[in-house]
Each structure stands twice: as structure tokens, then as C-alpha cells.
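Colleague: Next comes the structure file final20.pdb, holding PDB, N, CA and C atoms and all ligand atoms.
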ATOM      1  N   MET R   1       7.584   3.706 -12.811
ATOM      2  CA  MET R   1       7.269   4.748 -11.811
ATOM      3  C   MET R   1       5.757   4.939 -11.741
ATOM      4  N   LEU R   2       5.279   4.979 -10.543
ATOM      5  CA  LEU R   2       3.844   5.076 -10.332
ATOM      6  C   LEU R   2       3.364   6.517 -10.530
ATOM      7  N   ASP R   3       2.242   6.646 -11.181
ATOM      8  CA  ASP R   3       1.651   7.949 -11.442
ATOM      9  C   ASP R   3       1.196   8.603 -10.135
ATOM     10  N   LYS R   4       1.693   9.812  -9.901
ATOM     11  CA  LYS R   4       1.365  10.503  -8.645
ATOM     12  C   LYS R   4      -0.128  10.790  -8.555
ATOM     13  N   LYS R   5      -0.716  11.087  -9.699
ATOM     14  CA  LYS R   5      -2.148  11.395  -9.705
ATOM     15  C   LYS R   5      -2.950  10.167  -9.280
ATOM     16  N   LEU R   6      -2.543   9.043  -9.831
ATOM     17  CA  LEU R   6      -3.202   7.784  -9.492
ATOM     18  C   LEU R   6      -3.039   7.492  -8.005
ATOM     19  N   LEU R   7      -1.844   7.740  -7.537
ATOM     20  CA  LEU R   7      -1.541   7.501  -6.136
ATOM     21  C   LEU R   7      -2.467   8.324  -5.232
ATOM     22  N   GLY R   8      -2.759   9.532  -5.674
ATOM     23  CA  GLY R   8      -3.579  10.430  -4.865
ATOM     24  C   GLY R   8      -5.016   9.981  -4.709
ATOM     25  N   ILE R   9      -5.495   9.187  -5.663
ATOM     26  CA  ILE R   9      -6.902   8.786  -5.579
ATOM     27  C   ILE R   9      -7.068   7.377  -5.016
ATOM     28  N   LEU R  10      -5.953   6.696  -4.832
ATOM     29  CA  LEU R  10      -6.036   5.336  -4.299
ATOM     30  C   LEU R  10      -6.252   5.360  -2.798
ATOM     31  N   VAL R  11      -7.155   4.528  -2.345
ATOM     32  CA  VAL R  11      -7.352   4.366  -0.909
ATOM     33  C   VAL R  11      -7.325   2.881  -0.579
ATOM     34  N   CYS R  12      -7.207   2.608   0.675
ATOM     35  CA  CYS R  12      -7.223   1.224   1.135
ATOM     36  C   CYS R  12      -8.606   0.625   0.876
ATOM     37  N   PRO R  13      -8.658  -0.552   0.256
ATOM     38  CA  PRO R  13      -9.960  -1.156  -0.038
ATOM     39  C   PRO R  13     -10.692  -1.604   1.227
ATOM     40  N   LEU R  14      -9.960  -1.697   2.294
ATOM     41  CA  LEU R  14     -10.554  -2.175   3.541
ATOM     42  C   LEU R  14     -11.157  -1.031   4.354
ATOM     43  N   CYS R  15     -10.342  -0.032   4.659
ATOM     44  CA  CYS R  15     -10.787   1.045   5.548
ATOM     45  C   CYS R  15     -10.986   2.363   4.811
ATOM     46  N   LYS R  16     -10.716   2.382   3.494
ATOM     47  CA  LYS R  16     -10.809   3.599   2.678
ATOM     48  C   LYS R  16      -9.869   4.694   3.160
ATOM     49  N   GLY R  17      -8.855   4.271   3.867
ATOM     50  CA  GLY R  17      -7.888   5.227   4.403
ATOM     51  C   GLY R  17      -6.784   5.535   3.416
ATOM     52  N   GLU R  18      -5.958   6.484   3.786
ATOM     53  CA  GLU R  18      -4.841   6.928   2.959
ATOM     54  C   GLU R  18      -3.772   5.848   2.892
ATOM     55  N   LEU R  19      -3.094   5.768   1.749
ATOM     56  CA  LEU R  19      -2.040   4.780   1.569
ATOM     57  C   LEU R  19      -0.685   5.457   1.487
ATOM     58  N   HIS R  20       0.303   4.764   1.981
ATOM     59  CA  HIS R  20       1.664   5.260   1.951
ATOM     60  C   HIS R  20       2.440   4.475   0.900
ATOM     61  N   TYR R  21       3.041   5.203  -0.032
ATOM     62  CA  TYR R  21       3.777   4.536  -1.104
ATOM     63  C   TYR R  21       5.210   4.279  -0.665
ATOM     64  N   ASP R  22       5.589   3.031  -0.652
ATOM     65  CA  ASP R  22       6.963   2.680  -0.311
ATOM     66  C   ASP R  22       7.732   2.343  -1.583
ATOM     67  N   LYS R  23       8.642   3.256  -1.932
ATOM     68  CA  LYS R  23       9.401   3.106  -3.168
ATOM     69  C   LYS R  23      10.318   1.898  -3.115
ATOM     70  N   SER R  24      10.918   1.650  -1.980
ATOM     71  CA  SER R  24      11.930   0.594  -1.888
ATOM     72  C   SER R  24      11.315  -0.796  -2.063
ATOM     73  N   THR R  25      10.114  -0.979  -1.553
ATOM     74  CA  THR R  25       9.498  -2.303  -1.672
ATOM     75  C   THR R  25       8.443  -2.353  -2.769
ATOM     76  N   GLN R  26       8.147  -1.165  -3.362
ATOM     77  CA  GLN R  26       7.097  -1.086  -4.381
ATOM     78  C   GLN R  26       5.769  -1.630  -3.829
ATOM     79  N   GLU R  27       5.386  -1.031  -2.714
ATOM     80  CA  GLU R  27       4.132  -1.431  -2.097
ATOM     81  C   GLU R  27       3.365  -0.199  -1.649
ATOM     82  N   LEU R  28       2.079  -0.367  -1.536
ATOM     83  CA  LEU R  28       1.236   0.667  -0.956
ATOM     84  C   LEU R  28       0.790   0.178   0.414
ATOM     85  N   VAL R  29       1.092   0.988   1.407
ATOM     86  CA  VAL R  29       0.915   0.542   2.781
ATOM     87  C   VAL R  29      -0.260   1.256   3.436
ATOM     88  N   CYS R  30      -1.114   0.472   4.081
ATOM     89  CA  CYS R  30      -2.150   1.038   4.938
ATOM     90  C   CYS R  30      -1.727   0.789   6.373
ATOM     91  N   LEU R  31      -1.516   1.885   7.080
ATOM     92  CA  LEU R  31      -1.057   1.741   8.461
ATOM     93  C   LEU R  31      -2.175   1.274   9.376
ATOM     94  N   GLY R  32      -3.380   1.718   9.111
ATOM     95  CA  GLY R  32      -4.510   1.350   9.946
ATOM     96  C   GLY R  32      -4.719  -0.154   9.993
ATOM     97  N   ASP R  33      -4.560  -0.791   8.859
ATOM     98  CA  ASP R  33      -4.763  -2.234   8.784
ATOM     99  C   ASP R  33      -3.452  -3.002   8.828
ATOM    100  N   ALA R  34      -2.328  -2.280   8.792
ATOM    101  CA  ALA R  34      -1.000  -2.911   8.759
ATOM    102  C   ALA R  34      -0.894  -3.882   7.594
ATOM    103  N   LEU R  35      -1.318  -3.396   6.426
ATOM    104  CA  LEU R  35      -1.248  -4.209   5.220
ATOM    105  C   LEU R  35      -0.451  -3.485   4.151
ATOM    106  N   ALA R  36       0.239  -4.265   3.329
ATOM    107  CA  ALA R  36       0.974  -3.702   2.205
ATOM    108  C   ALA R  36       0.459  -4.329   0.919
ATOM    109  N   PHE R  37       0.033  -3.480   0.001
ATOM    110  CA  PHE R  37      -0.480  -3.948  -1.283
ATOM    111  C   PHE R  37       0.627  -3.845  -2.325
ATOM    112  N   PRO R  38       0.847  -4.904  -3.080
ATOM    113  CA  PRO R  38       1.952  -4.898  -4.053
ATOM    114  C   PRO R  38       1.630  -4.034  -5.277
ATOM    115  N   ILE R  39       2.686  -3.545  -5.897
ATOM    116  CA  ILE R  39       2.551  -2.850  -7.179
ATOM    117  C   ILE R  39       3.257  -3.713  -8.215
ATOM    118  N   LYS R  40       2.483  -4.230  -9.148
ATOM    119  CA  LYS R  40       3.054  -5.120 -10.153
ATOM    120  C   LYS R  40       3.009  -4.451 -11.513
ATOM    121  N   ASP R  41       4.199  -4.287 -12.128
ATOM    122  CA  ASP R  41       4.296  -3.613 -13.423
ATOM    123  C   ASP R  41       3.609  -2.257 -13.396
ATOM    124  N   ASP R  42       3.878  -1.495 -12.328
ATOM    125  CA  ASP R  42       3.330  -0.143 -12.152
ATOM    126  C   ASP R  42       1.823  -0.137 -11.913
ATOM    127  N   VAL R  43       1.241  -1.271 -11.691
ATOM    128  CA  VAL R  43      -0.192  -1.318 -11.415
ATOM    129  C   VAL R  43      -0.412  -1.775  -9.975
ATOM    130  N   PRO R  44      -0.995  -0.905  -9.159
ATOM    131  CA  PRO R  44      -1.252  -1.294  -7.770
ATOM    132  C   PRO R  44      -2.313  -2.401  -7.706
ATOM    133  N   VAL R  45      -2.014  -3.427  -6.968
ATOM    134  CA  VAL R  45      -2.957  -4.529  -6.818
ATOM    135  C   VAL R  45      -3.704  -4.345  -5.502
ATOM    136  N   MET R  46      -4.897  -3.772  -5.617
ATOM    137  CA  MET R  46      -5.640  -3.423  -4.411
ATOM    138  C   MET R  46      -6.593  -4.545  -4.010
ATOM    139  N   LEU R  47      -6.017  -5.702  -3.770
ATOM    140  CA  LEU R  47      -6.816  -6.851  -3.370
ATOM    141  C   LEU R  47      -6.355  -7.332  -1.998
ATOM    142  N   ILE R  48      -7.312  -7.554  -1.142
ATOM    143  CA  ILE R  48      -6.972  -8.009   0.206
ATOM    144  C   ILE R  48      -6.191  -9.324   0.128
ATOM    145  N   GLU R  49      -6.589 -10.190  -0.807
ATOM    146  CA  GLU R  49      -5.949 -11.505  -0.911
ATOM    147  C   GLU R  49      -4.477 -11.377  -1.303
ATOM    148  N   GLU R  50      -4.144 -10.293  -2.006
ATOM    149  CA  GLU R  50      -2.765 -10.103  -2.462
ATOM    150  C   GLU R  50      -1.926  -9.332  -1.459
ATOM    151  N   ALA R  51      -2.574  -8.764  -0.475
ATOM    152  CA  ALA R  51      -1.851  -7.903   0.456
ATOM    153  C   ALA R  51      -1.004  -8.719   1.427
ATOM    154  N   ARG R  52       0.028  -8.048   1.882
ATOM    155  CA  ARG R  52       0.958  -8.664   2.823
ATOM    156  C   ARG R  52       0.786  -7.980   4.173
ATOM    157  N   GLU R  53       0.846  -8.754   5.233
ATOM    158  CA  GLU R  53       0.726  -8.161   6.556
ATOM    159  C   GLU R  53       2.079  -7.595   6.981
ATOM    160  N   LEU R  54       2.057  -6.401   7.534
ATOM    161  CA  LEU R  54       3.309  -5.778   7.940
ATOM    162  C   LEU R  54       3.808  -6.363   9.259
ATOM    163  N   SER R  55       5.116  -6.468   9.365
ATOM    164  CA  SER R  55       5.710  -6.859  10.633
ATOM    165  C   SER R  55       5.719  -5.664  11.573
ATOM    166  N   LEU R  56       5.977  -5.913  12.846
ATOM    167  CA  LEU R  56       5.991  -4.824  13.831
ATOM    168  C   LEU R  56       7.037  -3.779  13.473
ATOM    169  N   ASP R  57       8.218  -4.253  13.039
ATOM    170  CA  ASP R  57       9.281  -3.334  12.647
ATOM    171  C   ASP R  57       8.826  -2.412  11.533
ATOM    172  N   GLU R  58       8.149  -2.999  10.583
ATOM    173  CA  GLU R  58       7.710  -2.216   9.424
ATOM    174  C   GLU R  58       6.661  -1.197   9.828
ATOM    175  N   ARG R  59       5.808  -1.581  10.741
ATOM    176  CA  ARG R  59       4.777  -0.639  11.170
ATOM    177  C   ARG R  59       5.387   0.609  11.771
ATOM    178  N   GLU R  60       6.506   0.431  12.454
ATOM    179  CA  GLU R  60       7.136   1.580  13.115
ATOM    180  C   GLU R  60       7.865   2.462  12.120
ATOM    181  N   LYS R  61       8.141   1.921  10.960
ATOM    182  CA  LYS R  61       8.905   2.629   9.937
ATOM    183  C   LYS R  61       8.128   3.829   9.382
ATOM    184  N   TYR R  62       6.812   3.708   9.326
ATOM    185  CA  TYR R  62       6.035   4.744   8.659
ATOM    186  C   TYR R  62       5.487   5.802   9.611
TER     187      TYR R  62
HETATM  188 ZN    ZN Y   1      -6.786   0.232   5.520
END
Could you take the file, read its structure, and then write that structure out as C-alpha cells?
Ligand SMILES: [Zn+2]

Modeller:
Amino acid sequence: MLDKKLLGILVCPLCKGELHYDKSTQELVCLGDALAFPIKDDVPVMLIEEARELSLDEREKY
């Protein structure tokens, strides 16, 4: 389980915007950039190279 405090201080490395935590996929989502950053072993991987691009469907989800 991801630390809520940690979650509160994390921002998107690209736009410094707020991130949305998706429990089901264990990802941190930036809507502005339509990117999802993986959380591996409870550690958010805030690297552009590791991020996944969101599909259109996913963008509408948030
Ligand atoms: Zn962003």
C-alpha cells in the first residue's frame, strides 16, 4: 500500500502537475500528459522512460 503522505508530495516529473493514484493498475496518472507511471514494490517510478501512455478510454476514466 502506497503511503498517502508520499502520494501527496509526488508530482508529475514532466509538468509538475498533480497525479492520480489508480489502485487497480497500481499506477500514478498524469492527466495533462496522459501518462501513467508504474508503482513497483510500493515505490513510484517517476521516470518518463518507464511511463505508459494512456489510451483514449483511460483518459476519460479519470
Ligand atoms: Zn504531467

Colleague: Extract the full set of strand (DSSP E or B) residues from segment 5-51 of chain R according to DSSP on the backbone, and format it as a PyMOL selection string.

Modeller: chain R and resi 11+18+20-22+27-30+35-40+43-44

Colleague: Produce a file of the selected residues containing N, CA and C atoms, as an mmCIF file, in the frame of the given file.

Modeller:
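See part.cif below for the written result:
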data_model
loop_
_atom_site.group_PDB
_atom_site.id
_atom_site.type_symbol
_atom_site.label_atom_id
_atom_site.label_comp_id
_atom_site.auth_asym_id
_atom_site.auth_seq_id
_atom_site.Cartn_x
_atom_site.Cartn_y
_atom_site.Cartn_z
ATOM 1 N N VAL R 11 -7.155 4.528 -2.345
ATOM 2 C CA VAL R 11 -7.352 4.366 -0.909
ATOM 3 C C VAL R 11 -7.325 2.881 -0.579
ATOM 4 N N GLU R 18 -5.958 6.484 3.786
ATOM 5 C CA GLU R 18 -4.841 6.928 2.959
ATOM 6 C C GLU R 18 -3.772 5.848 2.892
ATOM 7 N N HIS R 20 0.303 4.764 1.981
ATOM 8 C CA HIS R 20 1.664 5.260 1.951
ATOM 9 C C HIS R 20 2.440 4.475 0.900
ATOM 10 N N TYR R 21 3.041 5.203 -0.032
ATOM 11 C CA TYR R 21 3.777 4.536 -1.104
ATOM 12 C C TYR R 21 5.210 4.279 -0.665
ATOM 13 N N ASP R 22 5.589 3.031 -0.652
ATOM 14 C CA ASP R 22 6.963 2.680 -0.311
ATOM 15 C C ASP R 22 7.732 2.343 -1.583
ATOM 16 N N GLU R 27 5.386 -1.031 -2.714
ATOM 17 C CA GLU R 27 4.132 -1.431 -2.097
ATOM 18 C C GLU R 27 3.365 -0.199 -1.649
ATOM 19 N N LEU R 28 2.079 -0.367 -1.536
ATOM 20 C CA LEU R 28 1.236 0.667 -0.956
ATOM 21 C C LEU R 28 0.790 0.178 0.414
ATOM 22 N N VAL R 29 1.092 0.988 1.407
ATOM 23 C CA VAL R 29 0.915 0.542 2.781
ATOM 24 C C VAL R 29 -0.260 1.256 3.436
ATOM 25 N N CYS R 30 -1.114 0.472 4.081
ATOM 26 C CA CYS R 30 -2.150 1.038 4.938
ATOM 27 C C CYS R 30 -1.727 0.789 6.373
ATOM 28 N N LEU R 35 -1.318 -3.396 6.426
ATOM 29 C CA LEU R 35 -1.248 -4.209 5.220
ATOM 30 C C LEU R 35 -0.451 -3.485 4.151
ATOM 31 N N ALA R 36 0.239 -4.265 3.329
ATOM 32 C CA ALA R 36 0.974 -3.702 2.205
ATOM 33 C C ALA R 36 0.459 -4.329 0.919
ATOM 34 N N PHE R 37 0.033 -3.480 0.001
ATOM 35 C CA PHE R 37 -0.480 -3.948 -1.283
ATOM 36 C C PHE R 37 0.627 -3.845 -2.325
ATOM 37 N N PRO R 38 0.847 -4.904 -3.080
ATOM 38 C CA PRO R 38 1.952 -4.898 -4.053
ATOM 39 C C PRO R 38 1.630 -4.034 -5.277
ATOM 40 N N ILE R 39 2.686 -3.545 -5.897
ATOM 41 C CA ILE R 39 2.551 -2.850 -7.179
ATOM 42 C C ILE R 39 3.257 -3.713 -8.215
ATOM 43 N N LYS R 40 2.483 -4.230 -9.148
ATOM 44 C CA LYS R 40 3.054 -5.120 -10.153
ATOM 45 C C LYS R 40 3.009 -4.451 -11.513
ATOM 46 N N VAL R 43 1.241 -1.271 -11.691
ATOM 47 C CA VAL R 43 -0.192 -1.318 -11.415
ATOM 48 C C VAL R 43 -0.412 -1.775 -9.975
ATOM 49 N N PRO R 44 -0.995 -0.905 -9.159
ATOM 50 C CA PRO R 44 -1.252 -1.294 -7.770
ATOM 51 C C PRO R 44 -2.313 -2.401 -7.706
#

Colleague: May I ask you to write as a list in words all residues lying at most 5 Å from ligand ZN 1 (chain Y), with all atoms listed in the file counted?

Modeller: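 Selection of residues at most 5 Å from ligand ZN 1 (chain Y): Cys12, Leu14, Cys15, Lys16, Gly17, Cys30, Gly32 and Asp33 of chain R.
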
Colleague: Do you have the atom C of Gly8 of chain R-atom CA of Glu58 of chain R distance handy?

Modeller: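 Rounded to one decimal, the two atoms are 22.6 Å apart.
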
Colleague: For Ile39 of chain R, which of R:Ala51, R:Gln26, R:Leu7, R:Arg59 is the closest residue, counting only N, CA and C atoms?

Modeller: R:Gln26

Colleague: Which residue out of R:Leu2, R:Glu49, R:Phe37, R:Ile9 has the minimum interatomic distance to Lys23 of chain R when only C-alpha atoms are used?

Modeller: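 Selected residue with least distance to Lys23 of chain R: R:Leu2.
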
Colleague: Just the residues within 8 Å of Ala36 of chain R, please, counting only C-alpha atoms, with nothing from its chain fewer than 6 positions along; format it as a list of chain:residue names.

Modeller: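 Non-adjacent residues within range: R:Glu27, R:Leu28, R:Val29, R:Cys30, R:Ala51, R:Arg52, R:Glu53, R:Leu54.
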
Colleague: Just N, CA and C atoms for this one: save the residues we selected as a compact mmCIF listing (two decimals), in the coordinates of the input.

Modeller:
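Here's the written file part-v7.txt:
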# COMPACT_ATOMS: atom_id res chain seq x y z
N GLU R 27 5.39 -1.03 -2.71
CA GLU R 27 4.13 -1.43 -2.10
C GLU R 27 3.36 -0.20 -1.65
N LEU R 28 2.08 -0.37 -1.54
CA LEU R 28 1.24 0.67 -0.96
C LEU R 28 0.79 0.18 0.41
N VAL R 29 1.09 0.99 1.41
CA VAL R 29 0.92 0.54 2.78
C VAL R 29 -0.26 1.26 3.44
N CYS R 30 -1.11 0.47 4.08
CA CYS R 30 -2.15 1.04 4.94
C CYS R 30 -1.73 0.79 6.37
N ALA R 51 -2.57 -8.76 -0.48
CA ALA R 51 -1.85 -7.90 0.46
C ALA R 51 -1.00 -8.72 1.43
N ARG R 52 0.03 -8.05 1.88
CA ARG R 52 0.96 -8.66 2.82
C ARG R 52 0.79 -7.98 4.17
N GLU R 53 0.85 -8.75 5.23
CA GLU R 53 0.73 -8.16 6.56
C GLU R 53 2.08 -7.60 6.98
N LEU R 54 2.06 -6.40 7.53
CA LEU R 54 3.31 -5.78 7.94
C LEU R 54 3.81 -6.36 9.26

Colleague: Would you please work out which residue, of R:Leu35, R:Leu19, R:Val43, R:Leu6, is nearest to Ser55 of chain R when using all atoms listed in the file?

Modeller: R:Leu35

Colleague: From the coordinates I just gave you, please extract segment 27-44 of chain R so that only N, CA and C atoms remain, then output it as a PDB file, in the first residue's frame.

Modeller:
ATOM      1  N   GLU R  27      -0.799   2.478 -10.626  1.00  0.00           N
ATOM      2  CA  GLU R  27      -0.092   3.474 -11.415  1.00  0.00           C
ATOM      3  C   GLU R  27      -0.436   4.866 -10.914  1.00  0.00           C
ATOM      4  N   LEU R  28       0.451   5.779 -11.184  1.00  0.00           N
ATOM      5  CA  LEU R  28       0.183   7.185 -10.919  1.00  0.00           C
ATOM      6  C   LEU R  28      -0.019   7.871 -12.262  1.00  0.00           C
ATOM      7  N   VAL R  29      -1.168   8.501 -12.384  1.00  0.00           N
ATOM      8  CA  VAL R  29      -1.575   9.013 -13.684  1.00  0.00           C
ATOM      9  C   VAL R  29      -1.499  10.533 -13.716  1.00  0.00           C
ATOM     10  N   CYS R  30      -0.884  11.051 -14.771  1.00  0.00           N
ATOM     11  CA  CYS R  30      -0.938  12.483 -15.044  1.00  0.00           C
ATOM     12  C   CYS R  30      -1.880  12.680 -16.215  1.00  0.00           C
ATOM     13  N   LEU R  31      -2.956  13.395 -15.940  1.00  0.00           N
ATOM     14  CA  LEU R  31      -3.945  13.595 -16.998  1.00  0.00           C
ATOM     15  C   LEU R  31      -3.459  14.587 -18.039  1.00  0.00           C
ATOM     16  N   GLY R  32      -2.726  15.586 -17.606  1.00  0.00           N
ATOM     17  CA  GLY R  32      -2.237  16.602 -18.520  1.00  0.00           C
ATOM     18  C   GLY R  32      -1.369  16.012 -19.618  1.00  0.00           C
ATOM     19  N   ASP R  33      -0.539  15.068 -19.249  1.00  0.00           N
ATOM     20  CA  ASP R  33       0.362  14.450 -20.216  1.00  0.00           C
ATOM     21  C   ASP R  33      -0.159  13.111 -20.713  1.00  0.00           C
ATOM     22  N   ALA R  34      -1.258  12.633 -20.119  1.00  0.00           N
ATOM     23  CA  ALA R  34      -1.816  11.317 -20.464  1.00  0.00           C
ATOM     24  C   ALA R  34      -0.767  10.228 -20.309  1.00  0.00           C
ATOM     25  N   LEU R  35      -0.088  10.272 -19.161  1.00  0.00           N
ATOM     26  CA  LEU R  35       0.930   9.272 -18.868  1.00  0.00           C
ATOM     27  C   LEU R  35       0.614   8.578 -17.556  1.00  0.00           C
ATOM     28  N   ALA R  36       0.988   7.308 -17.478  1.00  0.00           N
ATOM     29  CA  ALA R  36       0.824   6.554 -16.243  1.00  0.00           C
ATOM     30  C   ALA R  36       2.186   6.046 -15.795  1.00  0.00           C
ATOM     31  N   PHE R  37       2.547   6.386 -14.571  1.00  0.00           N
ATOM     32  CA  PHE R  37       3.827   5.957 -14.013  1.00  0.00           C
ATOM     33  C   PHE R  37       3.599   4.731 -13.137  1.00  0.00           C
ATOM     34  N   PRO R  38       4.392   3.695 -13.329  1.00  0.00           N
ATOM     35  CA  PRO R  38       4.177   2.451 -12.572  1.00  0.00           C
ATOM     36  C   PRO R  38       4.628   2.587 -11.113  1.00  0.00           C
ATOM     37  N   ILE R  39       4.010   1.782 -10.271  1.00  0.00           N
ATOM     38  CA  ILE R  39       4.452   1.667  -8.879  1.00  0.00           C
ATOM     39  C   ILE R  39       4.974   0.248  -8.707  1.00  0.00           C
ATOM     40  N   LYS R  40       6.262   0.142  -8.447  1.00  0.00           N
ATOM     41  CA  LYS R  40       6.872  -1.177  -8.324  1.00  0.00           C
ATOM     42  C   LYS R  40       7.308  -1.405  -6.889  1.00  0.00           C
ATOM     43  N   ASP R  41       6.761  -2.473  -6.271  1.00  0.00           N
ATOM     44  CA  ASP R  41       7.064  -2.775  -4.872  1.00  0.00           C
ATOM     45  C   ASP R  41       6.832  -1.566  -3.980  1.00  0.00           C
ATOM     46  N   ASP R  42       5.688  -0.903  -4.192  1.00  0.00           N
ATOM     47  CA  ASP R  42       5.283   0.267  -3.400  1.00  0.00           C
ATOM     48  C   ASP R  42       6.163   1.488  -3.650  1.00  0.00           C
ATOM     49  N   VAL R  43       7.002   1.438  -4.635  1.00  0.00           N
ATOM     50  CA  VAL R  43       7.839   2.595  -4.944  1.00  0.00           C
ATOM     51  C   VAL R  43       7.431   3.163  -6.300  1.00  0.00           C
ATOM     52  N   PRO R  44       6.941   4.397  -6.305  1.00  0.00           N
ATOM     53  CA  PRO R  44       6.552   5.004  -7.580  1.00  0.00           C
ATOM     54  C   PRO R  44       7.786   5.252  -8.460  1.00  0.00           C
TER      55      PRO R  44
END
